[in-house]
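**Student:** Just structure.txt, nothing more (compact mmCIF, C-alpha atoms):
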# COMPACT_ATOMS: atom_id res chain seq x y z
CA MET A 1 0.00 0.00 0.00
CA ARG A 2 1.17 3.52 -0.79
CA VAL A 3 0.65 6.67 1.26
CA GLY A 4 -1.66 8.08 -1.41
CA GLU A 5 -4.02 5.13 -0.97
CA LEU A 6 -4.59 5.90 2.69
CA ASP A 7 -7.52 8.23 3.40
CA LEU A 8 -6.94 11.28 5.54
CA GLU A 9 -8.57 9.83 8.63
CA HIS A 10 -6.44 6.69 8.61
CA LEU A 11 -3.31 8.68 7.85
CA GLN A 12 -3.95 10.92 10.86
CA GLN A 13 -4.68 7.86 12.99
CA ARG A 14 -1.40 6.21 12.09
CA LEU A 15 0.63 9.37 12.60
CA ALA A 16 -0.95 9.93 15.99
CA SER A 17 -0.66 6.34 17.22
CA THR A 18 1.78 3.65 16.14
CA GLY A 19 3.40 5.75 13.42
CA LEU A 20 3.36 5.79 9.65
CA LYS A 21 6.10 3.43 8.49
CA VAL A 22 7.42 4.61 5.14
CA SER A 23 9.95 2.85 2.93
CA MET A 24 12.71 5.21 1.77
CA GLY A 25 15.24 3.27 -0.26
CA PRO A 26 17.09 0.97 2.15
CA PHE A 27 15.51 2.61 5.21
CA THR A 28 12.20 2.28 6.97
CA VAL A 29 11.20 5.47 8.74
CA SER A 30 8.47 5.49 11.35
CA ILE A 31 6.85 8.94 11.44
CA ARG A 32 4.64 10.07 14.28
CA SER A 33 2.94 13.38 14.70
CA THR A 34 0.04 15.06 16.35
CA THR A 35 -2.56 16.57 14.05
CA LEU A 36 -0.69 19.37 12.31
CA SER A 37 -2.28 20.49 9.06
CA GLY A 38 1.05 22.10 8.09
CA LEU A 39 2.55 18.63 8.17
CA ILE A 40 -0.21 16.28 7.10
CA ASP A 41 -1.33 18.05 3.92
CA PRO A 42 2.11 18.26 2.25
CA LEU A 43 3.02 14.80 3.56
CA ARG A 44 -0.09 13.28 1.99
CA TYR A 45 0.56 15.07 -1.29
CA LEU A 46 4.31 14.61 -1.57
CA TYR A 47 4.62 11.10 -0.07
CA HIS A 48 1.77 9.92 -2.33
CA ASP A 49 3.89 7.26 -4.10
CA TYR A 50 5.93 6.01 -1.16
CA VAL A 51 5.27 2.49 0.11
CA ILE A 52 3.80 2.02 3.59
CA CYS A 53 5.60 -0.81 5.36
CA GLY A 54 3.83 -3.48 7.37
CA GLU A 55 3.37 -3.16 11.11
CA SER A 56 5.94 -5.87 11.74
CA GLU A 57 8.64 -4.10 9.72
CA ILE A 58 11.55 -2.93 11.87
CA SER A 59 12.08 0.81 11.58
CA ASP A 60 15.56 2.23 11.12
CA TYR A 61 14.50 5.61 12.46
CA HIS A 62 11.65 6.53 14.80
CA VAL A 63 10.93 10.20 14.29
CA ARG A 64 8.26 12.48 15.64
CA VAL A 65 7.20 16.03 14.91
CA ALA A 66 5.20 17.60 17.71
CA PRO A 67 4.73 20.87 19.57
CA PRO A 68 7.14 21.39 22.47
CA SER A 69 5.49 21.31 25.82
CA ASN A 70 5.87 24.93 26.76
CA ILE A 71 3.83 28.11 26.64
CA ARG A 72 4.99 28.84 23.06
CA ARG A 73 2.37 26.42 21.83
CA TRP A 74 -0.20 29.16 22.57
CA ILE A 75 1.62 32.35 21.48
CA HIS A 76 3.84 31.60 18.47
CA PRO A 77 3.22 27.89 17.88
CA GLN A 78 6.33 25.83 17.36
CA VAL A 79 7.20 22.28 16.48
CA GLN A 80 10.18 20.16 17.31
CA PHE A 81 11.74 17.16 15.64
CA LEU A 82 12.45 14.17 17.82
CA MET A 83 14.39 11.05 17.09
CA ASP A 84 14.01 8.25 19.63
CA GLY A 85 12.51 10.87 21.91
CA ASN A 86 15.48 13.26 21.70
CA SER A 87 15.40 16.60 19.94
CA PRO A 88 18.60 17.40 18.04
CA PHE A 89 17.42 20.84 16.85
CA ARG A 90 15.83 23.92 18.33
CA PRO A 91 12.07 24.13 17.67
CA PHE A 92 10.85 25.61 14.40
CA PRO A 93 7.74 27.73 13.78
CA ALA A 94 4.78 25.37 13.43
CA ARG A 95 4.23 26.40 9.81
CA LEU A 96 7.63 24.76 9.00
CA ALA A 97 6.66 21.34 10.36
CA PHE A 98 7.06 19.60 7.01
CA PRO A 99 10.50 20.99 6.07
CA LEU A 100 11.57 20.22 9.63
CA LEU A 101 10.49 16.59 9.15
CA GLU A 102 12.45 16.38 5.89
CA TRP A 103 15.61 17.93 7.36
CA GLY A 104 15.23 15.74 10.41
CA ILE A 105 15.09 12.52 8.39
CA ASN A 106 18.14 13.65 6.42
CA TRP A 107 19.91 14.33 9.71
CA CYS A 108 19.10 10.80 10.90
CA ILE A 109 20.58 9.31 7.75
CA ALA A 110 23.68 11.55 7.76
CA THR A 111 24.47 10.77 11.37
CA ARG A 112 23.40 7.12 11.57
CA ALA A 113 23.65 5.27 8.26
CA HIS A 114 27.31 4.37 8.52
CA GLN A 115 26.81 0.98 6.89
CA PHE A 116 27.11 3.10 3.72
CA LEU A 117 29.66 5.60 2.50
CA LEU A 118 27.58 8.76 2.39
CA LEU A 119 28.70 11.21 -0.27
CA HIS A 120 27.07 14.62 -0.24
CA ALA A 121 25.94 14.16 -3.79
CA ALA A 122 23.05 13.78 -6.15
CA VAL A 123 23.01 10.44 -7.96
CA VAL A 124 21.11 9.56 -11.13
CA GLU A 125 21.16 6.70 -13.59
CA ARG A 126 21.11 6.91 -17.37
CA ARG A 127 21.41 3.97 -19.76
CA GLY A 128 22.30 1.73 -16.84
CA ARG A 129 25.19 3.94 -15.72
CA GLY A 130 25.30 5.59 -12.35
CA ILE A 131 26.35 9.24 -12.43
CA ILE A 132 27.38 10.93 -9.20
CA PHE A 133 27.23 14.71 -8.74
CA PRO A 134 29.12 15.59 -5.57
CA ALA A 135 28.66 19.26 -4.81
CA TRP A 136 28.83 21.94 -2.19
CA PRO A 137 25.79 24.03 -1.23
CA GLY A 138 24.92 26.59 -3.85
CA HIS A 139 26.52 24.73 -6.74
CA GLY A 140 23.19 23.83 -8.33
CA LYS A 141 23.15 20.11 -7.56
CA THR A 142 19.46 19.87 -6.69
CA THR A 143 18.31 22.01 -9.62
CA LEU A 144 20.35 19.98 -12.08
CA CYS A 145 19.14 16.73 -10.56
CA ALA A 146 15.49 17.91 -10.68
CA ALA A 147 15.88 18.79 -14.34
CA LEU A 148 17.55 15.47 -15.23
CA ILE A 149 14.87 13.32 -13.60
CA HIS A 150 12.23 15.08 -15.67
CA ARG A 151 14.13 14.20 -18.85
CA GLY A 152 14.15 10.46 -18.27
CA TRP A 153 17.09 10.04 -15.91
CA ARG A 154 16.37 7.83 -12.90
CA LEU A 155 16.76 9.45 -9.49
CA PHE A 156 18.85 7.63 -6.94
CA SER A 157 19.19 10.50 -4.52
CA ASP A 158 19.43 14.24 -4.45
CA GLU A 159 21.29 14.54 -1.16
CA PHE A 160 23.09 11.29 -0.36
CA GLY A 161 25.28 9.28 -2.67
CA LEU A 162 24.86 5.97 -0.85
CA ILE A 163 27.68 3.57 -1.66
CA ARG A 164 27.72 0.04 -0.27
CA PRO A 165 31.38 -0.52 0.68
CA ARG A 166 31.46 -4.29 0.14
CA ASP A 167 30.72 -4.09 -3.58
CA GLY A 168 30.73 -0.39 -4.46
CA ARG A 169 27.09 -0.48 -5.60
CA LEU A 170 25.06 2.73 -5.56
CA ILE A 171 21.91 2.38 -3.46
CA PRO A 172 18.79 4.38 -4.41
CA LEU A 173 17.30 6.71 -1.84
CA PRO A 174 14.73 8.63 -3.89
CA ARG A 175 13.58 11.16 -1.33
CA LEU A 176 11.91 14.49 -2.02
CA LEU A 177 14.10 17.18 -3.58
CA PRO A 178 14.14 20.42 -1.57
CA LEU A 179 14.18 23.16 -4.20
CA LYS A 180 15.34 26.48 -2.84
CA ASN A 181 14.68 30.09 -3.75
CA GLU A 182 15.15 30.83 -7.47
CA SER A 183 15.38 27.17 -8.39
CA ILE A 184 11.69 26.67 -7.51
CA ALA A 185 10.58 28.92 -10.36
CA VAL A 186 13.31 27.53 -12.62
CA ILE A 187 11.99 23.97 -12.25
CA ARG A 188 8.34 25.02 -12.46
CA GLU A 189 9.16 26.62 -15.80
CA PHE A 190 11.46 23.81 -16.94
CA GLU A 191 8.86 21.12 -16.22
CA PRO A 192 5.31 22.44 -15.70
CA GLU A 193 4.14 18.91 -14.85
CA ALA A 194 6.57 18.57 -11.96
CA VAL A 195 4.86 17.76 -8.66
CA ILE A 196 5.98 20.47 -6.27
CA GLY A 197 4.58 21.12 -2.81
CA PRO A 198 3.85 24.43 -1.14
CA ASP A 199 6.43 27.20 -0.77
CA PHE A 200 7.78 27.41 2.76
CA THR A 201 9.10 30.93 3.16
CA LYS A 202 11.57 32.32 5.67
CA THR A 203 13.28 29.05 6.46
CA ARG A 204 16.97 29.06 7.38
CA LYS A 205 17.67 28.42 3.71
CA GLY A 206 15.20 30.95 2.34
CA THR A 207 12.11 29.68 0.54
CA VAL A 208 11.93 25.90 0.16
CA ALA A 209 9.50 23.81 -1.90
CA HIS A 210 9.73 20.03 -2.17
CA LEU A 211 9.66 18.19 -5.45
CA ARG A 212 8.18 14.69 -5.56
CA PRO A 213 10.37 12.34 -7.65
CA PRO A 214 8.64 10.77 -10.67
CA THR A 215 6.68 7.67 -9.63
CA GLY A 216 8.97 5.29 -11.54
CA CYS A 217 12.00 6.42 -9.53
CA ILE A 218 10.23 5.61 -6.25
CA LYS A 219 9.01 2.24 -7.55
CA ARG A 220 12.52 1.25 -8.60
CA ALA A 221 14.09 2.16 -5.25
CA GLY A 222 15.30 -1.42 -4.83
CA GLU A 223 17.41 -1.48 -8.03
CA THR A 224 21.06 -0.69 -7.41
CA THR A 225 23.63 0.20 -10.04
CA GLN A 226 27.36 0.65 -10.55
CA ALA A 227 28.86 4.14 -10.69
CA ALA A 228 30.40 5.02 -14.05
CA VAL A 229 30.88 8.77 -14.02
CA ILE A 230 31.59 11.43 -11.40
CA VAL A 231 30.71 15.00 -12.34
CA PHE A 232 31.40 17.96 -10.07
CA PRO A 233 28.78 20.49 -11.17
CA ARG A 234 28.85 24.22 -10.65
CA TRP A 235 26.08 26.55 -11.69
CA GLN A 236 27.29 30.08 -12.47
CA SER A 237 25.32 32.83 -14.14
CA ASP A 238 26.19 33.55 -17.76
CA VAL A 239 28.93 30.97 -18.24
CA PRO A 240 29.19 28.77 -21.33
CA THR A 241 28.50 25.09 -20.68
CA SER A 242 31.74 23.20 -20.32
CA LEU A 243 32.56 19.68 -19.26
CA GLU A 244 36.25 19.08 -18.62
CA PRO A 245 38.06 15.92 -17.57
CA MET A 246 39.39 16.12 -14.07
CA PRO A 247 42.59 14.59 -12.63
CA LYS A 248 41.68 11.50 -10.61
CA SER A 249 43.70 12.52 -7.58
CA GLN A 250 41.73 15.75 -7.42
CA ALA A 251 38.44 13.89 -7.86
CA PHE A 252 39.45 11.58 -5.01
CA LEU A 253 40.19 14.45 -2.65
CA MET A 254 37.03 16.33 -3.54
CA ALA A 255 34.85 13.23 -3.13
CA ALA A 256 36.49 12.36 0.19
CA THR A 257 36.21 15.83 1.68
CA ASN A 258 32.61 16.01 0.52
CA ALA A 259 31.54 12.75 2.19
CA PHE A 260 29.50 12.91 5.40
CA ASN A 261 31.25 10.00 7.07
CA TYR A 262 34.68 9.62 5.41
CA GLU A 263 36.63 10.09 8.64
CA MET A 264 34.28 7.88 10.59
CA LEU A 265 34.58 4.96 8.15
CA GLY A 266 38.36 5.41 7.82
CA GLU A 267 40.02 2.73 5.70
CA THR A 268 36.66 1.42 4.47
CA ALA A 269 35.88 4.84 3.02
CA PHE A 270 39.39 5.23 1.57
CA ARG A 271 39.10 1.93 -0.26
CA ALA A 272 35.55 2.65 -1.44
CA ILE A 273 36.49 6.04 -2.89
CA THR A 274 39.67 4.61 -4.42
CA GLU A 275 37.63 1.99 -6.29
CA LEU A 276 35.01 4.55 -7.23
CA VAL A 277 37.54 6.97 -8.72
CA LYS A 278 39.48 4.18 -10.45
CA THR A 279 36.40 2.90 -12.25
CA CYS A 280 34.70 6.21 -13.04
CA SER A 281 35.39 8.93 -15.58
CA CYS A 282 35.73 12.20 -13.70
CA TYR A 283 34.64 15.61 -14.94
CA ARG A 284 34.03 19.15 -13.85
CA LEU A 285 30.86 20.76 -15.25
CA SER A 286 30.22 24.51 -15.43
CA TYR A 287 26.82 25.58 -16.65
CA SER A 288 24.16 28.23 -16.53
CA ASN A 289 21.69 26.67 -18.97
CA LEU A 290 19.95 23.46 -17.87
CA ASP A 291 19.13 22.19 -21.37
CA GLU A 292 22.73 22.60 -22.50
CA ALA A 293 24.00 20.87 -19.37
CA ILE A 294 21.64 17.94 -19.97
CA ASN A 295 22.78 17.63 -23.60
CA VAL A 296 26.41 17.51 -22.53
CA LEU A 297 25.64 14.91 -19.86
CA GLU A 298 23.71 12.81 -22.40
CA GLN A 299 26.91 12.60 -24.42
CA VAL A 300 28.77 11.32 -21.38
CA ALA A 301 26.09 8.67 -20.83
CA ILE A 302 26.19 7.63 -24.50
CA GLN A 303 30.01 7.50 -24.69
CA GLY A 304 30.17 5.01 -21.88
CA ASN A 305 27.87 2.62 -23.70
CA GLU A 306 29.71 2.67 -27.00
CA MET B 1 72.99 23.29 -8.09
CA LEU B 2 75.30 21.17 -6.00
CA ARG B 3 75.50 17.60 -7.09
CA ASP B 4 78.07 16.58 -4.55
CA ILE B 5 76.30 15.44 -1.41
CA PRO B 6 79.43 15.36 0.81
CA THR B 7 79.84 19.14 0.33
CA VAL B 8 76.60 19.63 2.25
CA LYS B 9 77.57 20.66 5.74
CA MET B 10 77.11 17.72 8.06
CA THR B 11 74.96 18.59 11.02
CA SER B 12 73.45 16.44 13.70
CA LYS B 13 70.25 16.56 11.58
CA SER B 14 71.96 15.03 8.58
CA THR B 15 73.27 12.11 10.61
CA GLU B 16 69.96 11.29 12.25
CA LYS B 17 68.24 8.23 10.87
CA TRP B 18 64.57 8.09 10.00
CA ARG B 19 62.04 5.44 9.20
CA VAL B 20 58.35 4.68 9.10
CA PRO B 21 57.56 3.12 12.49
CA ASP B 22 57.10 -0.66 12.38
CA ASN B 23 53.50 -0.52 13.58
CA THR B 24 52.46 2.00 10.93
CA ARG B 25 50.38 0.78 8.02
CA LEU B 26 50.25 2.99 4.95
CA ILE B 27 47.89 2.34 2.03
CA TRP B 28 48.83 3.96 -1.26
CA VAL B 29 46.99 4.92 -4.39
CA SER B 30 48.53 6.91 -7.21
CA TRP B 31 47.53 8.53 -10.45
CA ASP B 32 50.31 9.85 -12.69
CA ASP B 33 52.74 11.66 -10.39
CA GLU B 34 50.24 12.29 -7.62
CA PHE B 35 49.89 10.07 -4.61
CA ILE B 36 47.22 9.64 -1.98
CA LEU B 37 48.06 7.89 1.21
CA PHE B 38 45.90 6.49 3.98
CA HIS B 39 47.54 6.30 7.38
CA SER B 40 45.58 3.54 9.09
CA GLN B 41 46.59 4.19 12.67
CA ALA B 42 45.68 7.87 12.51
CA GLY B 43 42.73 7.42 10.13
CA LYS B 44 44.09 10.30 8.07
CA THR B 45 44.42 10.75 4.33
CA HIS B 46 47.34 12.67 2.82
CA TYR B 47 48.01 13.97 -0.65
CA LEU B 48 51.66 13.79 -1.72
CA ASN B 49 53.70 14.80 -4.69
CA GLN B 50 56.28 12.46 -6.12
CA VAL B 51 59.16 13.63 -3.91
CA GLY B 52 57.16 13.20 -0.73
CA ALA B 53 55.83 9.83 -1.83
CA VAL B 54 59.23 8.40 -2.86
CA LEU B 55 60.79 9.63 0.36
CA LEU B 56 58.11 7.96 2.46
CA GLN B 57 58.16 4.76 0.42
CA GLU B 58 61.93 4.50 0.95
CA LEU B 59 61.44 4.93 4.69
CA GLU B 60 58.83 2.18 4.69
CA THR B 61 61.48 -0.29 3.58
CA ASN B 62 64.58 0.90 5.42
CA THR B 63 66.18 3.38 7.80
CA TYR B 64 67.96 6.36 6.24
CA SER B 65 69.67 9.60 7.13
CA VAL B 66 68.85 12.81 5.27
CA SER B 67 71.93 12.53 3.08
CA GLU B 68 71.13 8.91 2.25
CA LEU B 69 67.59 9.93 1.35
CA ALA B 70 68.94 12.69 -0.88
CA LYS B 71 70.97 10.12 -2.77
CA LYS B 72 67.94 7.83 -3.09
CA LEU B 73 65.84 10.66 -4.49
CA GLU B 74 68.62 11.67 -6.86
CA LYS B 75 68.77 8.12 -8.18
CA ARG B 76 65.04 7.41 -8.37
CA LEU B 77 63.82 10.76 -9.65
CA GLY B 78 66.88 12.07 -11.45
CA LEU B 79 66.91 15.20 -9.34
CA ASP B 80 69.89 17.47 -8.87
CA ILE B 81 70.63 17.60 -5.18
CA SER B 82 71.38 21.04 -3.77
CA GLU B 83 71.76 22.31 -0.23
CA GLU B 84 68.32 23.83 -0.63
CA PHE B 85 66.90 20.45 -1.64
CA VAL B 86 68.43 18.79 1.41
CA LYS B 87 66.73 21.42 3.56
CA ARG B 88 63.47 20.56 1.83
CA ILE B 89 63.95 16.92 2.75
CA GLU B 90 64.57 17.93 6.37
CA SER B 91 61.45 20.02 6.31
CA LEU B 92 59.42 17.17 4.82
CA LEU B 93 60.70 14.78 7.48
CA ALA B 94 59.75 17.24 10.22
CA ARG B 95 56.26 17.45 8.74
CA PHE B 96 55.95 13.67 8.42
CA ASP B 97 57.21 13.31 11.98
CA HIS B 98 54.52 15.73 13.16
CA LEU B 99 51.89 13.63 11.35
CA GLY B 100 53.19 10.42 12.89
CA LEU B 101 54.26 9.00 9.55
CA VAL B 102 57.98 8.76 10.37
CA SER B 103 60.11 8.77 13.49
CA LYS B 104 63.75 9.17 14.33
CA HIS B 105 65.42 5.85 14.61
CA SER B 106 67.87 5.21 17.38
CA PRO B 107 70.42 2.43 16.71
CA LEU B 108 69.93 1.41 20.32
CA SER B 109 66.38 0.41 19.51
CA ASN B 110 67.63 -2.46 17.34
Let me see whether you can do it: turn the structure in this file into structure tokens.
**Tutor:**
Amino acid sequence: MRVGELDLEHLQQRLASTGLKVSMGPFTVSIRSTTLSGLIDPLRYLYHDYVICGESEISDYHVRVAPPSNIRRWIHPQVQFLMDGNSPFRPFPARLAFPLLEWGINWCIATRAHQFLLLHAAVVERRGRGIIFPAWPGHGKTTLCAALIHRGWRLFSDEFGLIRPRDGRLIPLPRLLPLKNESIAVIREFEPEAVIGPDFTKTRKGTVAHLRPPTGCIKRAGETTQAAVIVFPRWQSDVPTSLEPMPKSQAFLMAATNAFNYEMLGETAFRAITELVKTCSCYRLSYSNLDEAINVLEQVAIQGNE
Amino acid sequence: MLRDIPTVKMTSKSTEKWRVPDNTRLIWVSWDDEFILFHSQAGKTHYLNQVGAVLLQELETNTYSVSELAKKLEKRLGLDISEEFVKRIESLLARFDHLGLVSKHSPLSN
């Protein structure tokens, strides 16, 4: 059963009682919440295609979004994110309950999922080849990824490049894509059919709106692939599109410094990134035009299959 | 450039012997003339150029003084050895020592 098949009453019941267990790639997340319209409406809309796990399924993360128990619930209502009953963040305004849930789940993965090497990267698949886009904030990773998945590329993840150390396979984690500020309008114009939730203004990252991945990407969340290309993207205004090969040693260092848990995994991470860089073609992409960037990346995907 | 190692003034530094400690495990990967090294005990990754890498690889296999290392580098990399270059080796060794990659070797420890 998928979240979209659950009527509002039952969805509220689950959130308020045992929790809504949602399958997100390799993780099962149990979400609990009191009745917060700012959370339930976008959750119902944006999680529409995600699979609800059975009651007996073991959850990787037990999360809860609820008002803090203080007087602020009456004056300027707030919500807090809790994992296993502990709150790692300060409370947010209640109207930001949904983005808080999304950031909170990402936080759980970034700080707990050390069975994987976690690159801070978008990952997509084209023609059976995994393409990793490690990037720093502001380099246009999410916008590029959002555009690619609406041109037939399969989403693995927008935020976490999950690599299984024992065999180097890329693991899909097709979560919502948090579009920010100008990129919301850019993607609305680029793909008018894109399923985008409400604008949440005045967050710590400006305005955020979440993009639901195409249904096929969520359905294929169990299909892993092998990485073939690493592209370090950088969006800059008014630059010609260019894709240049990158020295492997540089690609190694950039991938390692960009990983969430490189130091924690130590030798395991070193060996995983070594294999990754050895087997992948490495490039640096500068772009300002999404269509041009996609055309250039199509060539990379085609070349590998020739 | 001075090619003649013995003309380099012998100091206590140049007679000291260095090596990679026995319990240190280094994992190497290289592309072209660039080397990346994982130091298992410290859990640290280091990026090295060819001179640094060759120097460390020599010290993984044996114990050498600065002047002996200079000769090794001259032979392996075809470098002209100058007084300035010897100072660079000393500086590299001090850095590697700080990172726990090499240590001074006392003959008494044999």
**Student:** Can you pull out every residue within 12 Å of range 89-92 of chain B, counting all atoms listed in the file, but drop anything in the same chain fewer than 4 positions away, and send it as an NGL selection string?
**Tutor:** :B and (11-18 or 48-49 or 51-56 or 64-74 or 81-85 or 96-99 or 101-102 or 104)
**Student:** Pick the closest to Gln303 in chain A from A:Val277, A:Leu265, A:Ala209, A:Ala228: which is it, counting all atoms listed in the file?
**Tutor:**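 Ranked by minimum distance to Gln303 in chain A, first place goes to A:Ala228.
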**Student:** If you take only C-alpha atoms and a cut-off of 8 Å, which residues of chain A touch chain B, and what are their nearest atom pairs and distances in Å to one decimal, in chain and number order, as CSV?
**Tutor:**
residue,atom,partner,partner_atom,distance
A:Lys248,CA,B:Trp31,CA,6.6
A:Ser249,CA,B:Trp31,CA,6.2
A:Glu263,CA,B:Gly43,CA,6.8
A:Gly266,CA,B:Gly43,CA,5.3
A:Glu267,CA,B:Ser40,CA,6.6
A:Phe270,CA,B:Phe38,CA,7.1
A:Thr274,CA,B:Val29,CA,7.3
**Student:** Every residue with an atom at most 8 Å from (33.9, 1.0, -3.2) (file coordinates; all atoms listed in the file) is what I'm after, so could you write them as a list in words?
**Tutor:**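 Answer for this query, in the requested form: Ile163, Arg164, Pro165, Arg166, Asp167, Gly168, Arg169, Ala269, Arg271, Ala272, Ile273, Thr274, Glu275 and Leu276 of chain A.
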**Student:** Rank nothing, just name the residue among B:Gln50, B:Thr61, B:Leu93, B:Arg88 nearest to Arg76 in chain B, using all atoms listed in the file.
**Tutor:**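 Among the listed residues, the smallest separation from Arg76 in chain B belongs to B:Gln50.
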**Student:** Residues within 9 Å of range 299-302 of chain A, please, as a VMD selection string. Count only C-alpha atoms; anything in the same chain fewer than 6 positions from it doesn't count.
**Tutor:** chain A and resid 125 to 129 131 228 to 229
**Student:** Provide the CA of Gln226 in chain A to CA of Ala293 in chain A distance in Å, to one decimal place.
**Tutor:**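 Separating CA of Gln226 in chain A from CA of Ala293 in chain A is a distance of 22.3 Å.
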**Student:** Can you tell me, as a ChimeraX atom specification, what residues are no more than 12 Å from Ile109 in chain A when counting all atoms listed in the file, ignoring any on the same chain fewer than 6 positions away?
**Tutor:** /A:24-29,60-63,83,102-103,115-120,159-162,173,175,260-261
**Student:** Please indicate the distance in Å from CA of Ala97 in chain A to CA of Leu43 in chain A, rounded to one decimal place.
**Tutor:** 10.1 Å
**Student:** Identify which of the residues A:Gly140, A:Ile149, A:Thr225, A:Ala113 lies closest to Ser286 in chain A, counting all atoms listed in the file when measuring atom-to-atom distances.
**Tutor:**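 That would be A:Gly140, the residue with the smallest distance to Ser286 in chain A.
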**Student:** How far is it from CA of Ala221 in chain A to CA of Asn181 in chain A, in Å with one decimal?
**Tutor:**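 For CA of Ala221 in chain A relative to CA of Asn181 in chain A, the distance reads 28.0 Å.
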**Student:** With 3 Å of padding per side, what axis-aligned box (centre and edge lengths, Å, one decimal) covers all the listed atoms of range 86-105 of chain A? Give it as lines of an AutoDock Vina configuration file.
**Tutor:**
center_x = 11.4
center_y = 20.1
center_z = 13.8
size_x = 20.4
size_y = 21.2
size_z = 21.8
**Student:** Would you mind telling me which residue in A:Gln13, A:Thr142, A:Pro134, A:Leu46 lies nearest to Leu253 in chain A when using all atoms listed in the file?
**Tutor:**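 Closest candidate: A:Pro134.
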**Student:** Kindly indicate which residue among A:Lys278, A:Arg220, A:Lys141, A:Arg112 lies nearest to Val51 in chain A, using only C-alpha atoms for the distances.
**Tutor:** A:Arg220
**Student:** Which residue is closest to Ala194 in chain A? Choose from A:Thr215, A:Ser69, A:Asn295, A:Asn86 and count all atoms listed in the file.
**Tutor:**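 The answer is A:Thr215, which sits nearest to Ala194 in chain A.
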**Student:** Neighbouring residues of Ile230 in chain A were defined as those with any atom within 7 Å, considering only C-alpha atoms; residues of the same chain fewer than 5 positions away were excluded. Please report them as an mmCIF file with C-alpha atoms, keeping the file's coordinate frame.
**Tutor:**
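Written output follows (out_5.cif):
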data_model
loop_
_atom_site.group_PDB
_atom_site.id
_atom_site.type_symbol
_atom_site.label_atom_id
_atom_site.label_comp_id
_atom_site.auth_asym_id
_atom_site.auth_seq_id
_atom_site.Cartn_x
_atom_site.Cartn_y
_atom_site.Cartn_z
ATOM 1 C CA ILE A 131 26.350 9.240 -12.430
ATOM 2 C CA ILE A 132 27.380 10.930 -9.200
ATOM 3 C CA PHE A 133 27.230 14.710 -8.740
ATOM 4 C CA CYS A 280 34.700 6.210 -13.040
ATOM 5 C CA SER A 281 35.390 8.930 -15.580
ATOM 6 C CA CYS A 282 35.730 12.200 -13.700
ATOM 7 C CA TYR A 283 34.640 15.610 -14.940
#
**Student:** Please return range 283-294 of chain A, rebuilt to N, CA and C atoms, as a PDB file, in the frame of the given file.
**Tutor:**
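Final output, saved to rebuild_14.pdb:
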ATOM      1  N   TYR A 283      34.764  14.344 -14.212  1.00  0.00           N
ATOM      2  CA  TYR A 283      34.640  15.610 -14.940  1.00  0.00           C
ATOM      3  C   TYR A 283      34.264  16.742 -13.997  1.00  0.00           C
ATOM      4  N   ARG A 284      34.502  17.947 -14.511  1.00  0.00           N
ATOM      5  CA  ARG A 284      34.030  19.150 -13.850  1.00  0.00           C
ATOM      6  C   ARG A 284      33.079  19.840 -14.834  1.00  0.00           C
ATOM      7  N   LEU A 285      31.870  20.136 -14.376  1.00  0.00           N
ATOM      8  CA  LEU A 285      30.860  20.760 -15.250  1.00  0.00           C
ATOM      9  C   LEU A 285      30.568  22.172 -14.776  1.00  0.00           C
ATOM     10  N   SER A 286      30.687  23.141 -15.697  1.00  0.00           N
ATOM     11  CA  SER A 286      30.220  24.510 -15.430  1.00  0.00           C
ATOM     12  C   SER A 286      29.044  24.758 -16.343  1.00  0.00           C
ATOM     13  N   TYR A 287      27.987  25.352 -15.800  1.00  0.00           N
ATOM     14  CA  TYR A 287      26.820  25.580 -16.650  1.00  0.00           C
ATOM     15  C   TYR A 287      25.972  26.715 -16.094  1.00  0.00           C
ATOM     16  N   SER A 288      25.202  27.299 -16.997  1.00  0.00           N
ATOM     17  CA  SER A 288      24.160  28.230 -16.530  1.00  0.00           C
ATOM     18  C   SER A 288      22.830  27.848 -17.164  1.00  0.00           C
ATOM     19  N   ASN A 289      22.901  27.053 -18.255  1.00  0.00           N
ATOM     20  CA  ASN A 289      21.690  26.670 -18.970  1.00  0.00           C
ATOM     21  C   ASN A 289      21.415  25.172 -18.756  1.00  0.00           C
ATOM     22  N   LEU A 290      20.253  24.861 -18.202  1.00  0.00           N
ATOM     23  CA  LEU A 290      19.950  23.460 -17.870  1.00  0.00           C
ATOM     24  C   LEU A 290      19.895  22.568 -19.099  1.00  0.00           C
ATOM     25  N   ASP A 291      19.247  23.032 -20.174  1.00  0.00           N
ATOM     26  CA  ASP A 291      19.130  22.190 -21.370  1.00  0.00           C
ATOM     27  C   ASP A 291      20.499  21.857 -21.950  1.00  0.00           C
ATOM     28  N   GLU A 292      21.381  22.853 -21.981  1.00  0.00           N
ATOM     29  CA  GLU A 292      22.730  22.600 -22.500  1.00  0.00           C
ATOM     30  C   GLU A 292      23.476  21.605 -21.609  1.00  0.00           C
ATOM     31  N   ALA A 293      23.313  21.783 -20.303  1.00  0.00           N
ATOM     32  CA  ALA A 293      24.000  20.870 -19.370  1.00  0.00           C
ATOM     33  C   ALA A 293      23.498  19.436 -19.588  1.00  0.00           C
ATOM     34  N   ILE A 294      22.193  19.286 -19.777  1.00  0.00           N
ATOM     35  CA  ILE A 294      21.640  17.940 -19.970  1.00  0.00           C
ATOM     36  C   ILE A 294      22.166  17.331 -21.276  1.00  0.00           C
TER      37      ILE A 294
END
